[in-house]
Each structure stands twice: as C-alpha cells, then as structure tokens.
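The next block holds one structure in the form of structure tokens; read it before the comments.
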Amino acid sequence: MSGTRLTGRIVIPGSPSYRQDRQNLNLSIQKYPCIIVFCQNRCDVKNALKWAREHKTPFRVRSGRHSYENFSLVNRGLIIDVSEMKGIVYDPQKQMAYIQAGAELGMVYQQLWDNRVTIPAGTSSSVGLSGLALGGGIGMLTRAFGLTCDSIEEIEIVIPCETRGAKVICASQTKNPDLFWACRGGGGGNFGIATAFKFRVYPVANVSIFSITWNWEDFHASYNSWQKWAPFTDKRLTSQIELFASGTITASGEFLGSPKELQKVIKPLLETGTPLNVMIQSIPYIEAVHFFNSPGGNRPVSFKRSGSFVYEPLPDKAIETMKQFLENAPNQQTTIWQQALGGAVMEYAPKETAFFHRKAIIAQEYNTSWMCKEQKQENINWVEGVRNAMKPYTKGDYVNWPDRAIKKWPCAYYGSNYKRLRKVKTAYDPYNVFCFSQSIRPYWPL
Ligand SMILES: Cc1cc2nc3c(=O)[nH]c(=O)nc-3n(C[C@H](O)[C@H](O)[C@H](O)COP(=O)(O)OP(=O)(O)OC[C@H]3O[C@@H](n4cnc5c(N)ncnc54)[C@H](O)[C@@H]3O)c2cc1C
C-alpha cells in the first residue's frame, strides 16, 4: 500500500468539533463519517482523493453543506471538505474574479461589491458557491446575466487518474472542453473536486427592488398575473413569487434600472387584485443582496424540499392544486416558491451547457420544515404529494434541488443531456470513483 497521507485539518469522531463539523444544513438526514479532512489547498485535496482510493474508502465532497439530500455526507467514509479554501482575488484589468471553491455566497458578494462588481448567483448567504455553480445557479440577477455557471471562464479541478491516483487539471472552453461543458449544470460531486473558479464579473452600483403582498383571496389573480408577466418582461428584472401556507402571496424582484422605470415594468402586478403592501426603492446593490438573503435559510433545520420546472403558464386547475395543497399544509412554514427564468438563461440552447432546462419559464420549489421528528413523514408526504399533483403541468427538477424520491432522476435533472454527461463521466471518471445514489454513471464500470 503506498503511503499517501491525509493533509489539512483532520477531524475524527473523538475530536471535540466532530459533532459540529459533520453536521449539514438539513438536520433530517444524519450521517456519521469516520474522517473529515478540511483541505487548505489543492495539494490537500489531491492527497485526500488519493488516500480514499488507496484505502478503498467511500468519500464525498463538501463545500457549503446545503445539499437537500445531504449528498455531501457519507456514513463511515471520508468527507473531503473544501470550505476552508475561501480566497477571492479580483482582477480589474481582466474583469475576472478568482474564487476558491470553499467561498460562500455572502462573502463572494461582499468582497466583489467592495470593487463594485458581482456575479449572478443565489440568494442565501451561506450557500456554497461550488455546489451552486456546478449545478447551474439561479438568483436575483439571473434574467439579466444568466445562470452562475454561464459566467465561469475556467475551473480548477482534481480528478482521478490511473487506478489509484489523482491530478489537478483545468477545464475551460479550450482546455478539457467536454468536462467544462459538464461542470456547467451537471451538478456537484460527479466528476472531480473543484478547487477554484475563474469568473467573469459585472459592474454594479444601485439597483431597484420591489415587493408586493396580497391576501389569499387574490391567490389566483396574483399568481396568474405574475406567471404571465415575470418570465417575459424586461430582462433587467428578475422576480420571484412565494405562496405562503400562512395565507399571503408575495412577489418581489431586483431591477437594473431606476425605480421610476421599475414602477412602469411592474404595472401589471400593481393593477392586480388588492395589494396589501407595495414597496419600490433604489438601494445599493449589496443592500439588495441582504434584502433577498432569508436569514432562516442559513440556519440548520429539518427540511424537505423538491422542485420542478414550468415550461408554459400554469392553467387554472394547476393554480387551484397549489392553493389546495397550501391550505392543507402540515404547518405554517410551508411554501411554494417560484423564480422567473427566461431572459439571459434562454440565450443558451439546452445542449450548450449541461444545464438542460433553458427553455423553462419558471423554476419552482416545494418547501417544508419541521421541529420534531414525529412531523417528518407528514412533511415529506406533503412535498411528494404536491410534486406528483403538479406533474401533469411541470417538467423535471433542478439538480441543485435533488430529491431521492425521483426515480427517473437522470431525465428529470438532465433531459437529453444525460447521454453526453455519461460520456464525459466515462472519459474522466471511468472507475466511478465519484459515486452516490444520484450520481452520473459511466458507460461501463471498469
Ligand atoms: C437555504 C438554501 C438556499 C438555497 N438558495 C439557492 C439559490 O438561491 N439558488 C440556487 O440556484 N440554489 C439554491 N440552493 C440550492 C443550492 O444551490 C444547492 O443546495 C447546492 O448544491 C449547495 O451547494 P453547497 O456547496 O452549499 O452544498 P454541499 O452540500 O457542500 O454540496 C452540494 C453538492 O455539491 C458537491 N460539491 C460541493 N463542493 C464541491 C466541489 N468543490 N467540487 C465538486 N463537487 C462539490 C457535493 O458533493 C454535493 O453533491 C439553496 C439551498 C438551500 C439549502
């Protein structure tokens, strides 16, 4: 046995921080790894992958710990954690940012804002940039600038080589282009361990934001008005709508323009039903980041979430289905959340990157959380119930919102891109070293 040693900060079950260090955001799925290695650089990552292969130990890759199904954890195995690799360097000449794989969204936004630039990414500040970007990445600048993965110029990644080895390579349009294609929407944990990203950045200053809330009586009208407008309006505006089991509906959004222009753009919403509250204001971009960052989303909790894509505005029957489910939700925290797509997302064809659902107009998510474990099954049943009931009107699911209950997950996440993803897997990980219940399979296990 060759003697590769684990390097980095190592935590094992007897370590004082083990309990905290093994815990992911979703408390409902508990796993007990035998070693967690907090890598400090790419060399530690390479050693960890080699060590796992030499010892034939199951392993998972982890960054921000937000996997819905805790695919970044494994029982009795090794966790290769990159979350202590957080360097961010901005190059103003090239308008590029070099970001290490352990950075969380909150720090990425803040440090880029210090230079008055940003990247389009997600809303919760504690989400890991790695997991988010490798699966696509949607957020409040998506319609203006595209998915997070659309702004990646290059990825540094540690992949398996030979029967027990590991090596660092780069993937870009010119270097390992197939792998680059696969890493833009193929999802984390499939091909290798990303250690750093080079991103194109965008100048930002002030933005305008809005929020409108309606009562339950306006459920059909407000939702219908939003869905027929949000994915098709001015692409400088990205908006979301949240349908709360507690009895209200809130649409909100971020606009790269003045409040006066925004007022005109959101006119169809302002004229719908009887809004309870309307807010429109211009604020510095970083304040908008804070506005859309739900603090609850950053705290560990037991939850079940799943999702789907909407390709055509939903008919009345589907809207009524959502309303019925919310009226019979297991608790008041339950929501259906939707974000408008279109705009820059559709500027790529579904085959241009591994992110398949380019033609969808809305990404929608079914969310529940609970406090005591007796409530777990009821909540899971609710999510699966609403997902099944919405199936006739929706397609697939976003790979960053994985759901174990989806049996035909290759088609749901990747559509017709799955074949090419398997080819890339066969080329870069033929021994299926990166393997979990919903990982991309090579064409033959060698
Ligand atoms: C509260 C909350 C808010 C969210 N908000 C958004 C949002 O606004 N927009 C959006 O698009 N998504 C959002 N998501 C979904 C999010 O994109 C995914 O959960 C994502 O996979 C999280 O990545 P992570 O690094 O935090 O999680 P982890 O659990 O660490 O990893 C997730 C997956 O990526 C793999 N992975 C992690 N790091 C690496 C790496 N360096 N190299 C290779 N593989 C890696 C893991 O093995 C795992 O399979 C949200 C999730 C939560 C829980």
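Naming scheme: A, B, ... for chains in displayed order of the structure tokens; residues 1 onward per chain; ligands 1 onward as shown.
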Exercise. Would you name the residues within 6 Å of ligand 1, counting only C-alpha atoms and all ligand atoms, and put them as a PyMOL selection string?
Worked result: chain A and resi 60-68+70-72+101+122-124+127-132+137-139+188-189+192-195+297-298+400-401
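Counting only C-alpha atoms, range 75-80 of chain A has the following residues at most 9 Å away, ignoring those fewer than 4 positions along the same chain: Arg22, Gln30, Lys31, Tyr32, Pro33, Cys34, Ile35, Ile36, Val37, Phe38, Cys39, Val45, Ala48, Leu49, Ala52, Thr57, Pro58, Phe59, Arg60, Val61, Arg62, Ser63 and Ile193 of chain A.
Atom to atom, CA of Leu134 in chain A and CA of Cys183 in chain A stand 5.3 Å apart.
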Can I get the residues of range 132-167 of chain A within 12 Å of range 345-363 of chain A, each with the closest pair of atoms and their distance in Å to one decimal, using only C-alpha atoms, sorted chain first then ascending number, as a Markdown table?
```
| residue | atom | partner | partner_atom | distance |
| --- | --- | --- | --- | --- |
| A:Ala133 | CA | A:Phe355 | CA | 10.6 |
| A:Leu134 | CA | A:Phe355 | CA | 9.4 |
| A:Gly135 | CA | A:Phe355 | CA | 7.3 |
| A:Gly136 | CA | A:Phe355 | CA | 6.2 |
| A:Gly137 | CA | A:Phe355 | CA | 9.7 |
| A:Ile138 | CA | A:Ala363 | CA | 9.0 |
| A:Gly139 | CA | A:Ala363 | CA | 10.7 |
| A:Leu141 | CA | A:Val345 | CA | 10.4 |
| A:Thr142 | CA | A:Val345 | CA | 6.9 |
| A:Arg143 | CA | A:Val345 | CA | 6.2 |
| A:Ala144 | CA | A:Val345 | CA | 8.4 |
| A:Phe145 | CA | A:Val345 | CA | 7.8 |
| A:Gly146 | CA | A:Val345 | CA | 4.8 |
| A:Leu147 | CA | A:Val345 | CA | 6.3 |
| A:Thr148 | CA | A:Val345 | CA | 10.0 |
| A:Cys149 | CA | A:Phe355 | CA | 8.7 |
| A:Asp150 | CA | A:Thr353 | CA | 8.4 |
| A:Ser151 | CA | A:Val345 | CA | 11.4 |
| A:Ile152 | CA | A:Thr353 | CA | 11.4 |
```
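In this model, the gap between CA of Ala196 in chain A and CA of Ser125 in chain A comes to 18.7 Å.
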For this session: Name the residues of range 274-314 of chain A that fall into strand (DSSP E) according to DSSP on the backbone, using the chain letters and numbers of this document, as an NGL selection string.
Result: :A and (277-284 or 302-310)
Problem set entry | Test item, helix (DSSP H, G or I) assignment across range 162-374 of chain A, answer as a PyMOL selection string | chain A and resi 177-183+216-227+259-265+267-270+285-292+295-298+316-327+343-347+373-374
Exercise. Range 259-272 of chain A: which residues within 7 Å, counting only C-alpha atoms, same-chain residues fewer than 2 positions away excluded, as a ChimeraX atom specification?
Worked result: /A:208,221-222,225-226,255,257,274,280-282
Those selected residues, please, written with all heavy atoms and delivered as a PDB file, in the first residue's frame.
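File written: result.pdb
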```pdb
ATOM      1  N   SER A 208     -32.829  48.719  -8.249  1.00  0.00           N
ATOM      2  CA  SER A 208     -34.161  48.970  -7.680  1.00  0.00           C
ATOM      3  C   SER A 208     -34.774  47.625  -7.279  1.00  0.00           C
ATOM      4  O   SER A 208     -34.576  46.630  -7.983  1.00  0.00           O
ATOM      5  CB  SER A 208     -35.064  49.655  -8.698  1.00  0.00           C
ATOM      6  OG  SER A 208     -34.500  50.890  -9.053  1.00  0.00           O
ATOM      7  N   ALA A 221     -55.617  35.403  -8.962  1.00  0.00           N
ATOM      8  CA  ALA A 221     -55.345  36.603  -9.771  1.00  0.00           C
ATOM      9  C   ALA A 221     -53.876  36.995  -9.683  1.00  0.00           C
ATOM     10  O   ALA A 221     -53.221  37.263 -10.703  1.00  0.00           O
ATOM     11  CB  ALA A 221     -56.225  37.752  -9.286  1.00  0.00           C
ATOM     12  N   SER A 222     -53.330  37.028  -8.479  1.00  0.00           N
ATOM     13  CA  SER A 222     -51.946  37.492  -8.335  1.00  0.00           C
ATOM     14  C   SER A 222     -50.972  36.498  -8.971  1.00  0.00           C
ATOM     15  O   SER A 222     -50.056  36.888  -9.703  1.00  0.00           O
ATOM     16  CB  SER A 222     -51.587  37.715  -6.863  1.00  0.00           C
ATOM     17  OG  SER A 222     -51.737  36.521  -6.133  1.00  0.00           O
ATOM     18  N   SER A 225     -51.305  36.635 -12.835  1.00  0.00           N
ATOM     19  CA  SER A 225     -50.745  37.871 -13.375  1.00  0.00           C
ATOM     20  C   SER A 225     -49.208  37.787 -13.365  1.00  0.00           C
ATOM     21  O   SER A 225     -48.538  38.131 -14.345  1.00  0.00           O
ATOM     22  CB  SER A 225     -51.284  39.002 -12.501  1.00  0.00           C
ATOM     23  OG  SER A 225     -50.653  40.166 -12.738  1.00  0.00           O
ATOM     24  N   TRP A 226     -48.644  37.266 -12.271  1.00  0.00           N
ATOM     25  CA  TRP A 226     -47.180  37.164 -12.162  1.00  0.00           C
ATOM     26  C   TRP A 226     -46.631  36.208 -13.215  1.00  0.00           C
ATOM     27  O   TRP A 226     -45.676  36.529 -13.924  1.00  0.00           O
ATOM     28  CB  TRP A 226     -46.797  36.690 -10.751  1.00  0.00           C
ATOM     29  CG  TRP A 226     -45.314  36.566 -10.582  1.00  0.00           C
ATOM     30  CD1 TRP A 226     -44.434  37.562 -10.266  1.00  0.00           C
ATOM     31  CD2 TRP A 226     -44.520  35.376 -10.756  1.00  0.00           C
ATOM     32  NE1 TRP A 226     -43.143  37.073 -10.239  1.00  0.00           N
ATOM     33  CE2 TRP A 226     -43.168  35.741 -10.530  1.00  0.00           C
ATOM     34  CE3 TRP A 226     -44.816  34.055 -11.084  1.00  0.00           C
ATOM     35  CZ2 TRP A 226     -42.117  34.813 -10.625  1.00  0.00           C
ATOM     36  CZ3 TRP A 226     -43.777  33.136 -11.185  1.00  0.00           C
ATOM     37  CH2 TRP A 226     -42.443  33.525 -10.946  1.00  0.00           C
ATOM     38  N   PHE A 255     -34.105  44.910 -10.058  1.00  0.00           N
ATOM     39  CA  PHE A 255     -34.133  45.520 -11.393  1.00  0.00           C
ATOM     40  C   PHE A 255     -32.902  46.382 -11.603  1.00  0.00           C
ATOM     41  O   PHE A 255     -32.553  47.193 -10.731  1.00  0.00           O
ATOM     42  CB  PHE A 255     -35.410  46.370 -11.480  1.00  0.00           C
ATOM     43  CG  PHE A 255     -35.593  47.092 -12.784  1.00  0.00           C
ATOM     44  CD1 PHE A 255     -35.745  46.387 -13.981  1.00  0.00           C
ATOM     45  CD2 PHE A 255     -35.640  48.483 -12.818  1.00  0.00           C
ATOM     46  CE1 PHE A 255     -35.940  47.058 -15.176  1.00  0.00           C
ATOM     47  CE2 PHE A 255     -35.833  49.163 -14.011  1.00  0.00           C
ATOM     48  CZ  PHE A 255     -35.984  48.445 -15.198  1.00  0.00           C
ATOM     49  N   GLY A 257     -32.144  49.231 -13.053  1.00  0.00           N
ATOM     50  CA  GLY A 257     -32.694  50.454 -13.629  1.00  0.00           C
ATOM     51  C   GLY A 257     -33.277  51.294 -12.506  1.00  0.00           C
ATOM     52  O   GLY A 257     -33.170  50.929 -11.323  1.00  0.00           O
ATOM     53  N   THR A 274     -56.019  43.378  -4.863  1.00  0.00           N
ATOM     54  CA  THR A 274     -55.905  44.479  -3.899  1.00  0.00           C
ATOM     55  C   THR A 274     -54.623  44.278  -3.093  1.00  0.00           C
ATOM     56  O   THR A 274     -54.655  43.610  -2.040  1.00  0.00           O
ATOM     57  CB  THR A 274     -57.118  44.458  -2.932  1.00  0.00           C
ATOM     58  OG1 THR A 274     -58.287  44.270  -3.694  1.00  0.00           O
ATOM     59  CG2 THR A 274     -57.208  45.738  -2.121  1.00  0.00           C
ATOM     60  N   ILE A 280     -41.311  49.954  -3.444  1.00  0.00           N
ATOM     61  CA  ILE A 280     -40.377  50.098  -4.567  1.00  0.00           C
ATOM     62  C   ILE A 280     -39.293  51.050  -4.082  1.00  0.00           C
ATOM     63  O   ILE A 280     -39.607  52.130  -3.575  1.00  0.00           O
ATOM     64  CB  ILE A 280     -41.041  50.724  -5.815  1.00  0.00           C
ATOM     65  CG1 ILE A 280     -42.268  49.927  -6.243  1.00  0.00           C
ATOM     66  CG2 ILE A 280     -40.046  50.848  -6.976  1.00  0.00           C
ATOM     67  CD1 ILE A 280     -43.068  50.567  -7.358  1.00  0.00           C
ATOM     68  N   GLN A 281     -38.051  50.665  -4.216  1.00  0.00           N
ATOM     69  CA  GLN A 281     -36.994  51.604  -3.835  1.00  0.00           C
ATOM     70  C   GLN A 281     -35.683  51.320  -4.529  1.00  0.00           C
ATOM     71  O   GLN A 281     -35.449  50.218  -5.026  1.00  0.00           O
ATOM     72  CB  GLN A 281     -36.800  51.627  -2.324  1.00  0.00           C
ATOM     73  CG  GLN A 281     -36.504  50.283  -1.703  1.00  0.00           C
ATOM     74  CD  GLN A 281     -36.146  50.424  -0.224  1.00  0.00           C
ATOM     75  OE1 GLN A 281     -35.203  51.117   0.139  1.00  0.00           O
ATOM     76  NE2 GLN A 281     -36.904  49.767   0.625  1.00  0.00           N
ATOM     77  N   SER A 282     -34.833  52.350  -4.543  1.00  0.00           N
ATOM     78  CA  SER A 282     -33.491  52.190  -5.107  1.00  0.00           C
ATOM     79  C   SER A 282     -32.528  52.054  -3.924  1.00  0.00           C
ATOM     80  O   SER A 282     -32.582  52.836  -2.973  1.00  0.00           O
ATOM     81  CB  SER A 282     -33.161  53.435  -5.926  1.00  0.00           C
ATOM     82  OG  SER A 282     -31.792  53.418  -6.245  1.00  0.00           O
TER      83      SER A 282
END
```
Problem set entry | Shell of 8 Å around Ile283 in chain A, only C-alpha atoms, local chain residues under 6 positions omitted, as a PyMOL selection string | chain A and resi 206-209
Atoms kept (N, CA, C and O atoms) for selection, written as an mmCIF file, in the first residue's frame:
```cif
data_model
loop_
_atom_site.group_PDB
_atom_site.id
_atom_site.type_symbol
_atom_site.label_atom_id
_atom_site.label_comp_id
_atom_site.auth_asym_id
_atom_site.auth_seq_id
_atom_site.Cartn_x
_atom_site.Cartn_y
_atom_site.Cartn_z
ATOM 1 N N ASN A 206 -26.200 50.991 -7.848
ATOM 2 C CA ASN A 206 -27.530 50.899 -7.233
ATOM 3 C C ASN A 206 -28.443 50.009 -8.075
ATOM 4 O O ASN A 206 -28.297 49.939 -9.295
ATOM 5 N N VAL A 207 -29.371 49.354 -7.411
ATOM 6 C CA VAL A 207 -30.411 48.611 -8.124
ATOM 7 C C VAL A 207 -31.752 49.037 -7.528
ATOM 8 O O VAL A 207 -31.798 49.618 -6.442
ATOM 9 N N SER A 208 -32.829 48.719 -8.249
ATOM 10 C CA SER A 208 -34.161 48.970 -7.680
ATOM 11 C C SER A 208 -34.774 47.625 -7.279
ATOM 12 O O SER A 208 -34.576 46.630 -7.983
ATOM 13 N N ILE A 209 -35.475 47.638 -6.182
ATOM 14 C CA ILE A 209 -36.151 46.411 -5.759
ATOM 15 C C ILE A 209 -37.637 46.706 -5.540
ATOM 16 O O ILE A 209 -38.013 47.870 -5.335
#
```
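Each of A:Glu69, A:Glu154, A:Glu378, A:Glu104 was checked against Phe197 in chain A using only C-alpha atoms; the smallest atom-to-atom distance is that of A:Glu154.
Considering the residues A:Asn47, A:Thr426, A:Gln338, A:Gln333 and counting only C-alpha atoms, Thr4 in chain A has its shortest atom-to-atom contact with A:Asn47.
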